[in-house]
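*Asks:* This is the structure, below, for whatever I ask next.
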Amino acid sequence: MAKKITIRVNRPDGSFLKEWSNAKFIGFTKQLNAGLGSCMIELGEQMDYSGNDLSLNNEVQVLISDKDTIGEDDRQKLIYSGYISSYVPWIDGKREGIYVYLLGYYTKLSQDIWKNGTTTTFDYNSIGATDIGTVVKSVMDRYIAEITDGRLGYTEETIKITSTTTTFKFELLTYREAIDTLKNMALAGWFWYVDELGLVYFKSKPTTATHEFVLGKHFNKVRVERSIEKVKNIVYFYNDTPDPKLLKKYSDVSSIADYGERAVKVVNSRVQTADADKIADGFIDDYKVPHIKVIAEILDNNEDTNFGYDIESINPGDTCTFFGFDESLADIFKENMLITKVDYQLDKVTITIEPLEAGIIKRAEAISERVDALEREGVPGTYST
């Protein structure tokens with residue numbers, strides 16, 4: 001059967017406005033430690049169109065139906081929900097239209113500061129060490145209470161207990177910065193993700209493969225990237241709030257012997273020594289060996305029951321196993337590989353498999369610049385190990 005796509009527009013409160021029947025869906029990306037990213041829709045209206053369905057911040061939902069869908073709404077499956085962040089009317093000779101750009105709701109976690117009424121600071125030292133999963137729930141509780149039309153939520157099943165505690169201090173942090181920091185304190189393999197329903201997940205990597213992909217049946221295109229660029233085997237962690245101030249070095253001797261000294265500087269005044277240990281040790285565990293990235297193109301099975309895959313079932317945070325490769329590639333194509341990114345199009349998805357991108361490495365350059373710009377007065381002259 002042909003894959004059918006439906007695009008619905010709602011007001012920011014979720015009430016229905018209109019169905020876009022003259023729109024072309026391009027595709028979108030969904031990523032771990034984030035959610036549904038930017039999505040572009042080409043609206044087949046004249047350049048001067050001014051309907052209220054095009055209002056900024058309106059919600060747009062993309063649903064599909066094909067032979068695999070088993071959704072509750074007339075066999076339709078929601079694959080994207082986001083809000084209109086911008087639109088661009090255009091004209092090119094006799095052709096005209098409007099490009100509409102959407103963002104996933106996870107981006108709203110970065111648009112305000114954690115607060116409880118007028119309070120923007122809270123120190124978990126005041127109540128004692130608390131499980132990281134419990135703290136993530138408290139972050140989302142404040143988001144839900146404080147943000148109008150935030151459209152995010154969670155259940156006891158989506159945010160898990162980590163069995164690792166923290167004495168974290170909230171201090172003028174966005175909700176996303178808080179969640180990123182808490183993730184970095186959790187054990188290796190933990191991540192967060194916001195799905196198309198607006199559910200926030202905070203969980204660990206599945207222990208068994210969610211998907212099994214066969215070369216020649218589900219995919220034909222795959223590439224592997226090996227790189228030393230992201231290897232980091234030394235962390236200098238600086239915290240200027242304890243007395244005395246903390247400057248501590250963490251390292252991995254074996255990685256240094258293999259790849260040389262590759263250091264990163266981190267400054268964080270909101271964590272105590274025990275939490276600094278968790279962040280730095282977990283970071284080095286993830287980045288002490290060369291980076292291996294696998295990118296594979298998985299084809300949709302809607303047109304051929306003997307070929308392709310149910311691509312709508314593939315999400316970041318799932319794991320997968322590849323079959324059909326020579327045993328010599330066993331060090332790359334392992335049994336339970338974590339999917340960190342999915343680029344979705346109607347007839348295929350491109351999945352990226354790589355080590356979890358800790359927030360600390362994504363902001364390594366920015367962090368180093370901040371440290372370099374800091375007043376050096378008062379920084380300890382020696383570090384501890």
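Naming scheme: A, B, ... for chains in displayed order of the structure tokens; residues 1 onward per chain; ligands 1 onward as shown.
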Produce a table with one row for each residue of region 272-319 of chain A that has an atom at most 12 Å from any atom of region 123-128 of chain A, each row naming the nearest atom pair and its distance in Å at one decimal; use only C-alpha atoms; arrange rows by chain and rising residue number; format as a Markdown table.

*Replies:*
| residue | atom | partner | partner_atom | distance |
| --- | --- | --- | --- | --- |
| A:Gln272 | CA | A:Asn125 | CA | 9.3 |
| A:Ala274 | CA | A:Asn125 | CA | 12.0 |
| A:Asp275 | CA | A:Asn125 | CA | 11.8 |

*Asks:* When you count only C-alpha atoms, which of these residues is closest to Pro89 (chain A): A:Asn301, A:Thr6, A:Ser110, A:Gln46?

*Replies:*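 Among the listed residues, A:Gln46 lies closest to Pro89 (chain A).
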
*Asks:* Can you tell me how far CA of Ala276 (chain A) sits from CA of Ile113 (chain A), in Å to one decimal?

*Replies:*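 Computed distance, CA of Ala276 (chain A) to CA of Ile113 (chain A), equals 22.7 Å.
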
*Asks:* DSSP on the backbone, then: every residue of region 72-238 of chain A marked alpha helix (DSSP H), written as an NGL selection string.

*Replies:* :A and (132-146 or 175-185)

*Asks:* For Val136 (chain A), find every residue with an atom within 7 Å (counting only C-alpha atoms), except residues of its own chain fewer than 4 positions away, and show them as a ChimeraX atom specification.

*Replies:* /A:132,140,179

*Asks:* Which residue out of A:Pro290, A:His218, A:Glu297, A:Val231 has the minimum interatomic distance to Glu261 (chain A) when only C-alpha atoms are used?

*Replies:*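 Checking each of A:Pro290, A:His218, A:Glu297, A:Val231 against Glu261 (chain A), counting only C-alpha atoms, the winner is A:Val231.
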
*Asks:* Might you pull out every residue within 12 Å of Leu43 (chain A), with only C-alpha atoms counted and same-chain residues fewer than 2 positions away left off, and present them as JSON, numbers by chain?

*Replies:* {"A": [7, 19, 20, 21, 22, 23, 24, 25, 26, 40, 41, 45, 46, 47, 49, 51, 53, 54, 87, 88, 89, 90, 96, 97, 98, 99, 100, 101]}

*Asks:* For the strand (DSSP E or B) assignment from backbone DSSP, which residues of region 83-290 of chain A qualify? Please present them as a ChimeraX atom specification.

*Replies:* /A:83-92,95-104,113,116,119,121-123,130-131,153,159,165-166,169-171,174,190-194,199-204,211-215,219-227,234-239,246-251,263-267

*Asks:* Just the selected residues (C-alpha atoms), exported as a PDB file, in the first residue's frame, please.

*Replies:*
ATOM      1  CA  TYR A  83       6.165  23.998  16.905  1.00  0.00           C
ATOM      2  CA  ILE A  84       6.514  26.579  14.130  1.00  0.00           C
ATOM      3  CA  SER A  85       9.747  28.428  14.823  1.00  0.00           C
ATOM      4  CA  SER A  86       9.930  30.390  11.554  1.00  0.00           C
ATOM      5  CA  TYR A  87       8.547  30.530   8.044  1.00  0.00           C
ATOM      6  CA  VAL A  88       9.848  31.960   4.775  1.00  0.00           C
ATOM      7  CA  PRO A  89       7.456  33.042   1.990  1.00  0.00           C
ATOM      8  CA  TRP A  90       9.167  32.921  -1.401  1.00  0.00           C
ATOM      9  CA  ILE A  91       8.596  33.518  -5.095  1.00  0.00           C
ATOM     10  CA  ASP A  92      10.648  32.220  -8.029  1.00  0.00           C
ATOM     11  CA  ARG A  95       6.315  29.530  -8.649  1.00  0.00           C
ATOM     12  CA  GLU A  96       5.678  30.591  -5.068  1.00  0.00           C
ATOM     13  CA  GLY A  97       5.215  28.997  -1.698  1.00  0.00           C
ATOM     14  CA  ILE A  98       6.154  29.088   1.969  1.00  0.00           C
ATOM     15  CA  TYR A  99       8.897  27.158   3.741  1.00  0.00           C
ATOM     16  CA  VAL A 100       7.800  26.330   7.290  1.00  0.00           C
ATOM     17  CA  TYR A 101      10.465  25.373   9.836  1.00  0.00           C
ATOM     18  CA  LEU A 102       9.574  23.347  12.919  1.00  0.00           C
ATOM     19  CA  LEU A 103      11.499  22.550  16.088  1.00  0.00           C
ATOM     20  CA  GLY A 104      10.901  19.657  18.461  1.00  0.00           C
ATOM     21  CA  ILE A 113      15.906  28.869  33.735  1.00  0.00           C
ATOM     22  CA  ASN A 116      10.577  27.386  41.801  1.00  0.00           C
ATOM     23  CA  THR A 119      13.890  30.876  43.420  1.00  0.00           C
ATOM     24  CA  THR A 121      18.999  28.164  43.237  1.00  0.00           C
ATOM     25  CA  PHE A 122      18.637  24.884  45.076  1.00  0.00           C
ATOM     26  CA  ASP A 123      21.409  22.866  46.700  1.00  0.00           C
ATOM     27  CA  THR A 130      19.709  11.970  46.141  1.00  0.00           C
ATOM     28  CA  ASP A 131      19.387   9.475  43.294  1.00  0.00           C
ATOM     29  CA  GLY A 153       5.998  15.122  30.519  1.00  0.00           C
ATOM     30  CA  ILE A 159      12.647   8.284  33.876  1.00  0.00           C
ATOM     31  CA  THR A 165      23.456   9.721  43.986  1.00  0.00           C
ATOM     32  CA  THR A 166      24.341  13.402  43.717  1.00  0.00           C
ATOM     33  CA  LYS A 169      23.444  22.505  43.086  1.00  0.00           C
ATOM     34  CA  PHE A 170      21.022  24.292  40.753  1.00  0.00           C
ATOM     35  CA  GLU A 171      22.222  27.820  40.116  1.00  0.00           C
ATOM     36  CA  THR A 174      18.378  26.081  32.042  1.00  0.00           C
ATOM     37  CA  TRP A 190      22.821   6.503  30.450  1.00  0.00           C
ATOM     38  CA  PHE A 191      21.096   9.010  28.163  1.00  0.00           C
ATOM     39  CA  TRP A 192      18.043  11.228  27.839  1.00  0.00           C
ATOM     40  CA  TYR A 193      15.638  11.678  24.948  1.00  0.00           C
ATOM     41  CA  VAL A 194      12.307  13.378  24.178  1.00  0.00           C
ATOM     42  CA  LEU A 199       7.695  12.053  26.834  1.00  0.00           C
ATOM     43  CA  VAL A 200      11.073  12.608  28.475  1.00  0.00           C
ATOM     44  CA  TYR A 201      13.227   9.488  28.838  1.00  0.00           C
ATOM     45  CA  PHE A 202      16.196   9.158  31.180  1.00  0.00           C
ATOM     46  CA  LYS A 203      17.446   5.587  31.007  1.00  0.00           C
ATOM     47  CA  SER A 204      20.370   3.292  30.310  1.00  0.00           C
ATOM     48  CA  HIS A 211      16.718  -4.228  15.995  1.00  0.00           C
ATOM     49  CA  GLU A 212      18.489  -6.792  13.807  1.00  0.00           C
ATOM     50  CA  PHE A 213      19.612  -5.528  10.389  1.00  0.00           C
ATOM     51  CA  VAL A 214      20.663  -7.889   7.594  1.00  0.00           C
ATOM     52  CA  LEU A 215      22.960  -6.794   4.752  1.00  0.00           C
ATOM     53  CA  PHE A 219      20.255  -2.191   3.976  1.00  0.00           C
ATOM     54  CA  ASN A 220      22.924  -2.040   1.283  1.00  0.00           C
ATOM     55  CA  LYS A 221      24.800   1.125   2.207  1.00  0.00           C
ATOM     56  CA  VAL A 222      27.033   1.454   5.261  1.00  0.00           C
ATOM     57  CA  ARG A 223      30.227   3.310   6.102  1.00  0.00           C
ATOM     58  CA  VAL A 224      32.577   3.289   9.066  1.00  0.00           C
ATOM     59  CA  GLU A 225      34.602   6.218  10.381  1.00  0.00           C
ATOM     60  CA  ARG A 226      37.563   5.758  12.730  1.00  0.00           C
ATOM     61  CA  SER A 227      39.075   8.836  14.375  1.00  0.00           C
ATOM     62  CA  ILE A 234      43.119  13.622  30.802  1.00  0.00           C
ATOM     63  CA  VAL A 235      40.618  15.900  32.533  1.00  0.00           C
ATOM     64  CA  TYR A 236      41.599  18.938  34.610  1.00  0.00           C
ATOM     65  CA  PHE A 237      38.557  19.736  36.748  1.00  0.00           C
ATOM     66  CA  TYR A 238      38.340  23.143  38.443  1.00  0.00           C
ATOM     67  CA  ASN A 239      35.746  24.221  41.010  1.00  0.00           C
ATOM     68  CA  LEU A 246      39.468  22.290  43.827  1.00  0.00           C
ATOM     69  CA  LEU A 247      41.803  21.640  40.893  1.00  0.00           C
ATOM     70  CA  LYS A 248      42.007  17.929  40.208  1.00  0.00           C
ATOM     71  CA  LYS A 249      43.553  15.858  37.423  1.00  0.00           C
ATOM     72  CA  TYR A 250      42.021  12.617  36.139  1.00  0.00           C
ATOM     73  CA  SER A 251      43.767  10.408  33.585  1.00  0.00           C
ATOM     74  CA  ALA A 263      43.547  16.791  27.776  1.00  0.00           C
ATOM     75  CA  VAL A 264      40.382  18.789  28.294  1.00  0.00           C
ATOM     76  CA  LYS A 265      39.764  21.513  30.901  1.00  0.00           C
ATOM     77  CA  VAL A 266      36.440  21.673  32.752  1.00  0.00           C
ATOM     78  CA  VAL A 267      35.144  24.312  35.154  1.00  0.00           C
TER      79      VAL A 267
END

*Asks:* Nearest to Gly150 (chain A): which of A:Lys18, A:Lys108, A:His291, A:Lys217 is it, counting only C-alpha atoms?

*Replies:* A:Lys108

*Asks:* Between A:Ser255, A:Thr155, A:Thr134, A:Asn10, which has the minimum distance to Leu182 (chain A) (counting only C-alpha atoms)?

*Replies:*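 Using only C-alpha atoms, the shortest distance to Leu182 (chain A) belongs to A:Thr134.
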
*Asks:* Nearest to Tyr287 (chain A) among A:Lys232, A:Thr385, A:Tyr259, A:Leu152, with distances taken over only C-alpha atoms: which residue is it?

*Replies:*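 Looking at the shortest contact to Tyr287 (chain A), the residue is A:Lys232.
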